[in-house]
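The structure file start07.cif is reproduced below (mmCIF, C-alpha atoms and all ligand atoms).
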data_work
loop_
_atom_site.label_atom_id
_atom_site.label_comp_id
_atom_site.auth_asym_id
_atom_site.auth_seq_id
_atom_site.Cartn_x
_atom_site.Cartn_y
_atom_site.Cartn_z
CA MET D 29 79.98 40.36 19.34
CA LYS D 30 80.37 41.02 23.07
CA PHE D 31 83.11 40.04 25.45
CA ILE D 32 84.20 40.83 29.00
CA HIS D 33 87.39 42.63 30.02
CA ILE D 34 88.61 41.86 33.54
CA THR D 35 92.04 42.81 34.85
CA ASP D 36 94.39 42.75 37.83
CA THR D 37 92.73 40.13 40.00
CA HIS D 38 95.91 39.87 42.21
CA ILE D 39 94.86 36.58 43.79
CA ASN D 40 96.77 34.32 46.15
CA ALA D 41 95.64 30.90 47.34
CA PRO D 42 93.86 31.13 50.72
CA GLY D 43 96.30 31.16 53.64
CA LYS D 44 99.04 32.84 51.61
CA THR D 45 100.18 36.40 52.29
CA ALA D 46 97.48 38.61 50.84
CA GLN D 47 98.17 41.96 49.22
CA PHE D 48 96.57 44.02 52.00
CA PRO D 49 95.93 43.09 55.65
CA VAL D 50 92.26 42.72 54.74
CA SER D 51 91.87 41.69 51.10
CA HIS D 52 88.64 40.78 49.31
CA HIS D 53 90.23 39.82 46.00
CA VAL D 54 88.60 36.38 45.60
CA GLU D 55 85.21 37.63 46.76
CA LYS D 56 85.39 40.47 44.21
CA VAL D 57 86.17 38.18 41.29
CA GLU D 58 83.19 36.02 42.30
CA GLN D 59 81.10 39.20 42.56
CA VAL D 60 82.07 40.06 38.97
CA PHE D 61 81.17 36.58 37.68
CA LYS D 62 77.80 36.74 39.45
CA HIS D 63 77.10 40.21 38.06
CA ILE D 64 77.85 39.11 34.49
CA GLN D 65 75.65 36.06 34.98
CA ASP D 66 72.77 38.23 36.22
CA THR D 67 72.90 40.59 33.24
CA ASN D 68 71.34 39.86 29.87
CA VAL D 69 74.72 40.18 28.21
CA LYS D 70 75.78 37.03 26.46
CA PRO D 71 79.53 37.50 26.07
CA ALA D 72 81.48 35.19 23.77
CA PHE D 73 84.54 35.09 26.04
CA ALA D 74 86.40 36.91 28.82
CA LEU D 75 89.83 38.54 28.59
CA ILE D 76 91.83 38.84 31.81
CA THR D 77 94.77 41.16 31.33
CA GLY D 78 97.39 40.21 33.85
CA ASP D 79 98.48 40.40 37.43
CA ILE D 80 96.13 37.45 37.75
CA SER D 81 98.15 36.46 40.84
CA HIS D 82 99.69 38.70 43.45
CA GLY D 83 102.70 36.60 44.33
CA GLY D 84 102.30 33.75 41.88
CA ASP D 85 103.59 30.34 43.06
CA VAL D 86 102.34 27.00 41.72
CA GLU D 87 99.72 26.62 44.44
CA ASP D 88 98.41 30.13 43.74
CA TYR D 89 98.02 29.34 40.05
CA GLN D 90 96.26 26.05 40.77
CA PHE D 91 93.83 27.97 42.96
CA ILE D 92 93.35 30.69 40.31
CA ARG D 93 92.80 28.10 37.57
CA ALA D 94 90.09 26.41 39.65
CA LEU D 95 88.47 29.81 40.39
CA PHE D 96 88.55 30.87 36.72
CA ASP D 97 87.36 27.46 35.50
CA LYS D 98 84.42 27.75 37.88
CA GLY D 99 83.65 31.24 36.49
CA ALA D 100 84.02 30.05 32.91
CA ALA D 101 81.59 27.18 33.58
CA GLN D 102 79.17 29.52 35.39
CA LEU D 103 79.16 31.89 32.38
CA GLY D 104 79.53 29.20 29.74
CA ILE D 105 82.43 30.99 28.02
CA PRO D 106 86.19 30.53 27.59
CA PHE D 107 88.62 32.72 29.53
CA TYR D 108 91.82 34.08 27.94
CA VAL D 109 94.55 35.38 30.22
CA VAL D 110 97.81 37.29 29.76
CA LEU D 111 100.51 37.79 32.37
CA GLY D 112 101.55 40.90 34.32
CA ASN D 113 104.52 41.97 36.42
CA HIS D 114 103.12 40.21 39.52
CA ASP D 115 102.87 36.92 37.63
CA HIS D 116 105.60 34.32 37.36
CA LEU D 117 105.95 32.38 34.13
CA PRO D 118 107.31 29.02 35.36
CA ALA D 119 104.75 28.77 38.17
CA PHE D 120 101.97 29.88 35.77
CA ARG D 121 102.96 27.24 33.23
CA GLU D 122 102.99 24.56 35.90
CA GLY D 123 100.04 25.56 38.10
CA TYR D 124 97.67 27.19 35.58
CA LEU D 125 98.49 25.46 32.29
CA GLY D 126 99.57 22.10 33.76
CA GLN D 127 102.80 22.19 31.73
CA GLU D 128 106.47 21.79 32.49
CA PRO D 129 107.70 24.96 34.26
CA SER D 130 109.65 27.22 31.91
CA ASP D 131 110.43 30.89 31.27
CA GLU D 132 109.05 30.67 27.75
CA LYS D 133 106.89 33.75 27.09
CA TYR D 134 103.15 33.11 26.94
CA TYR D 135 101.48 34.66 23.88
CA TYR D 136 98.94 33.40 21.37
CA ALA D 137 96.34 34.14 18.69
CA GLU D 138 92.85 32.63 18.79
CA GLU D 139 89.85 33.21 16.54
CA ILE D 140 86.45 33.28 18.22
CA ALA D 141 83.44 33.51 15.89
CA GLY D 142 85.53 35.51 13.41
CA LEU D 143 87.17 37.86 15.94
CA ARG D 144 90.89 37.29 16.46
CA VAL D 145 92.18 37.63 20.02
CA ILE D 146 95.90 38.15 20.39
CA GLY D 147 97.43 37.83 23.84
CA LEU D 148 100.91 39.32 24.31
CA ASN D 149 103.41 38.91 27.13
CA SER D 150 104.70 42.33 28.22
CA GLN D 151 106.59 41.15 31.32
CA ILE D 152 110.19 42.15 31.96
CA ALA D 153 111.73 39.67 34.43
CA ASP D 154 111.95 41.14 37.96
CA LYS D 155 110.85 44.60 36.87
CA PRO D 156 107.52 46.39 37.15
CA GLY D 157 107.57 47.79 33.62
CA GLY D 158 106.62 46.29 30.30
CA ILE D 159 108.02 45.69 26.83
CA ILE D 160 107.02 43.70 23.76
CA ASP D 161 110.25 41.97 22.78
CA ASP D 162 111.55 41.69 19.22
CA VAL D 163 110.50 38.05 18.89
CA GLN D 164 106.89 38.90 19.76
CA LEU D 165 106.91 42.01 17.56
CA ALA D 166 108.00 39.94 14.57
CA TRP D 167 105.42 37.26 15.42
CA LEU D 168 102.69 39.92 15.77
CA LYS D 169 103.58 41.46 12.43
CA LYS D 170 103.34 38.05 10.77
CA GLN D 171 99.96 37.31 12.40
CA LEU D 172 98.52 40.62 11.24
CA GLU D 173 99.51 40.09 7.59
CA GLN D 174 96.22 38.22 7.18
CA PRO D 175 93.12 40.04 8.47
CA ALA D 176 90.56 38.12 10.51
CA PRO D 177 86.90 38.09 9.36
CA LYS D 178 85.74 40.39 12.19
CA GLY D 179 88.98 42.16 13.09
CA THR D 180 91.47 41.75 15.92
CA VAL D 181 91.72 42.77 19.55
CA ILE D 182 94.97 42.66 21.51
CA ALA D 183 95.33 41.89 25.22
CA LEU D 184 98.46 42.81 27.16
CA HIS D 185 99.15 43.82 30.75
CA HIS D 186 100.98 47.13 30.41
CA PRO D 187 99.11 49.96 28.69
CA LEU D 188 100.04 51.36 25.29
CA ILE D 189 98.47 54.63 26.42
CA HIS D 190 100.42 57.78 27.07
CA LEU D 191 99.43 58.77 30.61
CA GLY D 192 100.65 62.36 30.66
CA ASP D 193 101.84 63.26 34.16
CA LEU D 194 101.38 59.63 35.23
CA SER D 195 103.75 58.26 32.56
CA LEU D 196 106.28 57.26 35.20
CA PRO D 197 108.89 54.61 34.47
CA GLY D 198 107.32 51.18 34.77
CA MET D 199 103.79 52.32 33.94
CA LEU D 200 103.72 51.71 30.18
CA VAL D 201 105.01 49.45 27.46
CA GLU D 202 108.51 50.90 26.96
CA ASN D 203 108.49 50.43 23.20
CA ARG D 204 104.86 51.44 22.71
CA GLN D 205 105.70 53.37 19.54
CA GLN D 206 107.12 50.21 17.95
CA VAL D 207 103.98 48.27 18.84
CA MET D 208 101.81 51.10 17.43
CA GLN D 209 103.77 50.91 14.21
CA VAL D 210 103.17 47.17 13.88
CA ILE D 211 99.40 47.47 14.45
CA HIS D 212 98.97 50.62 12.32
CA GLU D 213 96.74 50.02 9.28
CA THR D 214 96.02 46.42 10.20
CA ASP D 215 92.67 44.96 11.31
CA VAL D 216 93.38 45.69 15.01
CA VAL D 217 90.38 47.61 16.37
CA ALA D 218 91.29 47.83 20.07
CA THR D 219 93.80 46.91 22.77
CA PHE D 220 93.00 46.01 26.38
CA SER D 221 95.37 46.30 29.31
CA GLY D 222 95.49 46.85 33.08
CA HIS D 223 98.43 47.49 35.42
CA ILE D 224 97.57 51.10 36.36
CA HIS D 225 94.41 50.10 38.29
CA THR D 226 92.41 53.01 36.98
CA ASN D 227 90.37 53.53 33.80
CA TYR D 228 92.19 55.24 30.95
CA PHE D 229 91.08 55.48 27.33
CA ALA D 230 92.90 56.67 24.23
CA ASN D 231 92.55 56.63 20.47
CA TYR D 232 95.64 56.54 18.29
CA GLN D 233 95.34 56.16 14.52
CA ASN D 234 91.83 54.70 14.74
CA VAL D 235 92.64 52.07 17.36
CA LEU D 236 90.87 52.27 20.73
CA HIS D 237 93.12 51.60 23.73
CA ILE D 238 91.62 50.79 27.12
CA ALA D 239 93.41 50.28 30.43
CA GLY D 240 90.95 48.92 33.02
CA ALA D 241 90.69 49.66 36.73
CA GLY D 242 90.56 45.98 37.63
CA THR D 243 88.84 43.92 40.27
CA SER D 244 91.28 43.85 43.21
CA PHE D 245 91.58 47.56 44.01
CA THR D 246 91.42 50.93 42.27
CA VAL D 247 94.17 53.51 42.43
CA ASP D 248 92.55 56.89 42.91
CA PHE D 249 94.78 59.51 41.35
CA SER D 250 92.12 62.19 41.58
CA GLU D 251 92.89 63.09 45.19
CA SER D 252 96.48 63.30 44.16
CA LYS D 253 98.39 66.40 45.29
CA GLY D 254 101.31 64.04 45.04
CA ASN D 255 99.53 61.12 46.74
CA VAL D 256 97.51 58.19 45.44
CA SER D 257 94.94 56.15 47.37
CA PHE D 258 94.35 52.42 46.93
CA VAL D 259 90.61 51.96 47.41
CA ASP D 260 88.27 48.99 47.62
CA LEU D 261 86.52 49.42 44.29
CA CYS D 262 85.86 46.70 41.76
CA GLY D 263 84.66 46.67 38.19
CA TYR D 264 84.83 45.18 34.73
CA SER D 265 83.92 46.16 31.16
CA ILE D 266 81.44 44.82 28.66
CA VAL D 267 82.97 45.32 25.22
CA THR D 268 81.05 45.20 21.95
CA VAL D 269 82.83 44.86 18.62
CA HIS D 270 80.29 46.10 16.08
CA GLU D 271 80.23 44.81 12.53
CA ASN D 272 82.06 47.51 10.54
CA ASP D 273 81.03 50.12 13.11
CA GLY D 274 83.74 50.38 15.74
CA VAL D 275 84.06 49.22 19.33
CA THR D 276 82.24 50.31 22.46
CA ALA D 277 83.08 49.52 26.07
CA GLN D 278 80.82 49.93 29.08
CA TYR D 279 82.58 50.03 32.43
CA ILE D 280 80.55 48.50 35.27
CA GLU D 281 81.48 49.51 38.81
CA LEU D 282 80.13 47.08 41.38
CA PRO D 283 78.81 48.16 44.78
CA ARG D 284 81.64 48.15 47.34
CA PRO D 285 82.15 50.00 50.63
CA ARG D 286 84.98 52.09 49.07
CA GLY D 287 87.23 51.47 52.05
CA GLU D 288 90.76 52.77 51.70
CA TYR D 289 93.59 50.23 51.78
CA MET D 290 96.47 52.70 51.86
CA THR D 291 97.78 56.02 50.56
CA LEU D 292 101.20 56.41 48.98
CA PRO D 293 103.22 59.21 47.45
CA LEU D 294 102.74 59.12 43.67
CA ALA D 295 106.51 59.04 43.12
CA SER D 296 106.80 55.78 45.09
CA LEU D 297 104.47 53.90 42.74
CA THR D 298 107.13 52.64 40.37
CA ASP D 299 109.02 51.13 43.30
CA GLY D 300 105.84 50.05 45.07
CA HIS D 301 104.25 48.32 42.10
CA LYS D 302 106.68 45.53 41.54
CA LYS D 303 106.91 41.84 42.20
FE FE W 401 98.20 45.14 39.14
FE FE W 402 100.86 45.33 37.02
#

Do you think you could lay out the structure here as structure tokens?
Ligand SMILES: [Fe+2]
Ligand SMILES: [Fe+2]
Amino acid sequence: MKFIHITDTHINAPGKTAQFPVSHHVEKVEQVFKHIQDTNVKPAFALITGDISHGGDVEDYQFIRALFDKGAAQLGIPFYVVLGNHDHLPAFREGYLGQEPSDEKYYYAEEIAGLRVIGLNSQIADKPGGIIDDVQLAWLKKQLEQPAPKGTVIALHHPLIHLGDLSLPGMLVENRQQVMQVIHETDVVATFSGHIHTNYFANYQNVLHIAGAGTSFTVDFSESKGNVSFVDLCGYSIVTVHENDGVTAQYIELPRPRGEYMTLPLASLTDGHKK
């Protein structure tokens, strides 16, 4: 079974304050949808792992819902989203889900052709970092008591990956060890996240963890020397969950001019990457 992993679309409704003076965030999401459509890949669904909005008010989420619905219709597949630190729960519930606005965390389990997709909410109100709260941990544990026919994948915004020198406060799920414990020796085959805007991969106890670079911009840590550059790159992953034979992910980088949006000191990222 194949599916698409997209992350960090950072979209505002047209006319709202964009993330950068010149932003191409909507165009890039449409570029991704077109690229998927033009491939021979027939994904079963798409996972979008948070920071779907940049500033997240009701109008933004109505715009994003229309954009994603158009993409879902174009590709003929359902989209599953989770929320990131740039998202706002009440506005998301109202504008995206068409519900009463509330702070109630958004998490779920869905089975698609035998594969279970679990979406978690790793937001911490008004902070850039992430956590899976006790209520969700207990819920997750309960869900995983029964295996799904083709295994389980988990989507969440903040990575469960240890990032070495980049493991600054606010980058990871704070209680990642607790989450690891809950998914250990269950049918979870992989987790998908975003937030760090660069591709990172890890394998802990036979679970593959992927943090994607996202569509809106890529953070280039390679030129570092204490600085990071925000560059106009855009990509997505095609993920295959093989029958009893592991998971593979192919990252597709789309052609972009690679313009630079800005350069910041690495140490400022935890302050800079907030709501
Ligand atoms: Fe982001
Ligand atoms: Fe984020």

Fewer than 3 positions away in the same chain doesn't count, so skip those; otherwise give me all residues within 10 Å of D:Leu282, counting only C-alpha atoms, as a ChimeraX atom specification. /D:56,59-60,63,243,261-264,279,285

So which residues touch D:Val86 within 9 Å, counting only C-alpha atoms, skipping near sequence neighbours fewer than 6 positions away, as a PyMOL selection string? chain D and resi 118-124

Atom-to-atom span, atom CA of D:Glu128 and atom CA of D:Ile39, Å: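 Distance reported for this atom pair: 21.9 Å.
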
Any residue with an atom at most 6 Å from ligand FE 402 (chain W) counts, using only C-alpha atoms and all ligand atoms. Which are they? Put them as a PyMOL selection string. chain D and resi 79+112-113+223

Hey, can you check how far atom CA of D:Glu139 sits from atom CA of D:Lys70?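 Going from atom CA of D:Glu139 over to atom CA of D:Lys70, I get 17.6 Å.
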
Please identify all protein, DNA and RNA residues within 9 Å of ligand FE 401 (chain W), counting all atoms listed in the file, and report them as a list in words.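 Final answer, ordered by chain and number: Thr35, Asp36, Thr37, His38, Gly78, Asp79, Ile80, Ser81, His82, Gly112, Asn113, His114, His185, Gly222, His223, Ile224, His225, Gly242, Ser244, Phe245, His301 and Lys302 of chain D.
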
Could you check the closest approach to D:Val267 for each of D:Tyr89, D:Ala230, D:Lys30, D:Gly99 and tell me which residue wins, using only C-alpha atoms?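 Selected residue with least distance to D:Val267: D:Lys30.
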
My list of candidates is D:Leu143, D:Leu75, D:Leu196, D:Ile152. Which is closest to D:Met29 when distances are computed with only C-alpha atoms?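 Among the listed residues, the smallest separation from D:Met29 belongs to D:Leu143.
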
Stretch 219-278 of chain D residues near stretch 203-214 of chain D within 9 Å, closest pair each, using only C-alpha atoms, as a Markdown table:
| residue | atom | partner | partner_atom | distance |
| --- | --- | --- | --- | --- |
| D:Tyr232 | CA | D:Met208 | CA | 8.3 |
| D:Gln233 | CA | D:His212 | CA | 7.0 |
| D:Asn234 | CA | D:His212 | CA | 8.6 |
| D:Val235 | CA | D:His212 | CA | 8.2 |

Export of the given selection (C-alpha atoms) as a PDB file, in the coordinates of the input:
ATOM      1  CA  TYR D 232      95.640  56.540  18.290  1.00  0.00           C
ATOM      2  CA  GLN D 233      95.340  56.160  14.520  1.00  0.00           C
ATOM      3  CA  ASN D 234      91.830  54.700  14.740  1.00  0.00           C
ATOM      4  CA  VAL D 235      92.640  52.070  17.360  1.00  0.00           C
TER       5      VAL D 235
END

Let me make sure I understand: among D:Gln278, D:Ser296, D:Thr226, D:Ser150, which one has the smallest atom-to-atom distance to D:Val259 if we use only C-alpha atoms? D:Thr226

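Interatomic distance, atom CA of D:Thr268 to atom CA of D:His190: 23.7 Å.
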
List the neighbours of D:Ile76 out to 7 Å using all atoms listed in the file; skip same-chain residues closer than 6 positions along the sequence, and give me the result as an MDAnalysis selection string. chainID D and resid 33:35 108:110

With only C-alpha atoms as the atoms that count, which of D:Gly254, D:Pro293, D:Pro197, D:Pro187 lies nearest to D:Phe229?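 Of the candidates, the smallest distance to D:Phe229 is held by D:Pro187.
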
Of the candidates D:Gly274, D:Ala72, D:Leu95, D:Thr246, which shows the shortest atom-to-atom distance to D:Glu55, using all atoms listed in the file?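 Among the listed residues, D:Leu95 lies closest to D:Glu55.
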
Tell me which of D:Ser130, D:Tyr136, D:Val256, D:Gly142 sits closest to D:Lys178, counting all atoms listed in the file. D:Gly142
